[in-house]
Amino acid sequence: MKRFNLILFRMKHGLTQREMAERLKLSKNHYSNIENAIYDPSYKALERFREEFPAKSIDIWDVFKKEEREEGAKVE
């Protein structure tokens with residue numbers, strides 16, 4: 001399982017995993033584990049996300065939910 005909405009959100013903003021991790025004050029490895037649904041984000045990470053991306057239209061739970069994709073499906 002991965003968090004494809006989070007990956008797409010990051011890519012839409014033109015950020016690498018390292019850049020997103022820096023904005024959220026996380027290590028790149030920890031952020032990668034969140035993106036790959038190995039770890040769930042902490043409340044502090046969620047709060048930092050809201051601070052960095054304050055748009056009211058963002059549903060943080062949709063961005064961070066775990067999703068399954070069909071095998072072979074690509075994220076562009």
# chains A, B, ... in the order shown; residues from 1 in each chain; ligands from 1
call {"tool": "residues_around", "arguments": {"residues": "range 46-63 of chain A", "least_positions_apart": "5", "cutoff": "8 Å", "atoms": "only C-alpha atoms", "output": "MDAnalysis selection string"}}
result
chainID A and resid 3 5:6 9 23:25 41
call {"tool": "write_last_selection", "arguments": {"atoms": "N, CA, C and O atoms", "output": "compact mmCIF listing (two decimals), in the first residue's frame"}}
result
# COMPACT_ATOMS: atom_id res chain seq x y z
N ARG A 3 0.62 5.78 -0.28
CA ARG A 3 -0.22 6.97 -0.15
C ARG A 3 -0.10 7.75 -1.45
O ARG A 3 0.62 8.73 -1.54
N ASN A 5 -2.18 9.69 -2.99
CA ASN A 5 -2.61 11.10 -2.94
C ASN A 5 -1.48 11.98 -2.43
O ASN A 5 -1.31 13.11 -2.91
N LEU A 6 -0.73 11.50 -1.46
CA LEU A 6 0.39 12.26 -0.93
C LEU A 6 1.49 12.39 -1.98
O LEU A 6 2.06 13.48 -2.17
N PHE A 9 0.23 14.84 -4.55
CA PHE A 9 0.25 16.18 -3.98
C PHE A 9 1.66 16.75 -4.03
O PHE A 9 1.88 17.88 -4.44
N ARG A 23 10.44 20.62 4.45
CA ARG A 23 9.32 21.51 4.78
C ARG A 23 8.55 21.02 5.99
O ARG A 23 8.02 21.81 6.76
N LEU A 24 8.49 19.69 6.17
CA LEU A 24 7.76 19.11 7.30
C LEU A 24 8.67 18.86 8.51
O LEU A 24 8.22 18.32 9.52
N LYS A 25 9.96 19.23 8.36
CA LYS A 25 10.96 19.04 9.43
C LYS A 25 11.10 17.57 9.81
O LYS A 25 11.12 17.21 10.99
N PRO A 41 1.80 9.31 9.77
CA PRO A 41 2.37 10.59 10.20
C PRO A 41 1.97 10.90 11.64
O PRO A 41 0.87 10.57 12.08
call {"tool": "residues_around", "arguments": {"residues": "Asn29 in chain A", "least_positions_apart": "3", "cutoff": "12 Å", "atoms": "only C-alpha atoms", "output": "PyMOL selection string"}}
result
chain A and resi 17-22+25-26+32-36+38-39
call {"tool": "write_last_selection", "arguments": {"atoms": "N, CA and C atoms", "output": "short mmCIF file (atom, residue, chain, number, x, y, z; two decimals), in the first residue's frame"}}
result
data_model
loop_
_atom_site.label_atom_id
_atom_site.label_comp_id
_atom_site.auth_asym_id
_atom_site.auth_seq_id
_atom_site.Cartn_x
_atom_site.Cartn_y
_atom_site.Cartn_z
N GLN A 17 11.07 14.21 -2.54
CA GLN A 17 10.83 13.70 -1.19
C GLN A 17 11.69 14.46 -0.18
N ARG A 18 12.92 14.76 -0.54
CA ARG A 18 13.82 15.49 0.36
C ARG A 18 13.27 16.89 0.66
N GLU A 19 12.80 17.58 -0.37
CA GLU A 19 12.26 18.93 -0.16
C GLU A 19 11.00 18.90 0.70
N MET A 20 10.12 17.93 0.46
CA MET A 20 8.91 17.82 1.28
C MET A 20 9.29 17.50 2.72
N ALA A 21 10.24 16.60 2.91
CA ALA A 21 10.70 16.25 4.25
C ALA A 21 11.24 17.48 4.97
N GLU A 22 12.01 18.30 4.27
CA GLU A 22 12.56 19.51 4.88
C GLU A 22 11.45 20.47 5.29
N LYS A 25 9.96 19.23 8.36
CA LYS A 25 10.96 19.04 9.43
C LYS A 25 11.10 17.57 9.81
N LEU A 26 11.18 16.73 8.79
CA LEU A 26 11.37 15.30 8.96
C LEU A 26 12.62 14.89 8.20
N SER A 32 9.80 9.32 3.50
CA SER A 32 9.61 8.25 2.51
C SER A 32 8.79 7.11 3.10
N ASN A 33 9.05 6.78 4.36
CA ASN A 33 8.29 5.73 5.03
C ASN A 33 6.83 6.11 5.22
N ILE A 34 6.55 7.39 5.44
CA ILE A 34 5.17 7.85 5.53
C ILE A 34 4.50 7.72 4.16
N GLU A 35 5.20 8.15 3.11
CA GLU A 35 4.66 8.08 1.76
C GLU A 35 4.38 6.64 1.34
N ASN A 36 5.21 5.74 1.79
CA ASN A 36 5.05 4.32 1.45
C ASN A 36 4.18 3.56 2.45
N ILE A 38 4.55 2.88 5.49
CA ILE A 38 5.23 2.06 6.49
C ILE A 38 4.97 2.64 7.87
N TYR A 39 5.00 3.99 7.94
CA TYR A 39 4.66 4.72 9.16
C TYR A 39 3.46 5.60 8.89
#
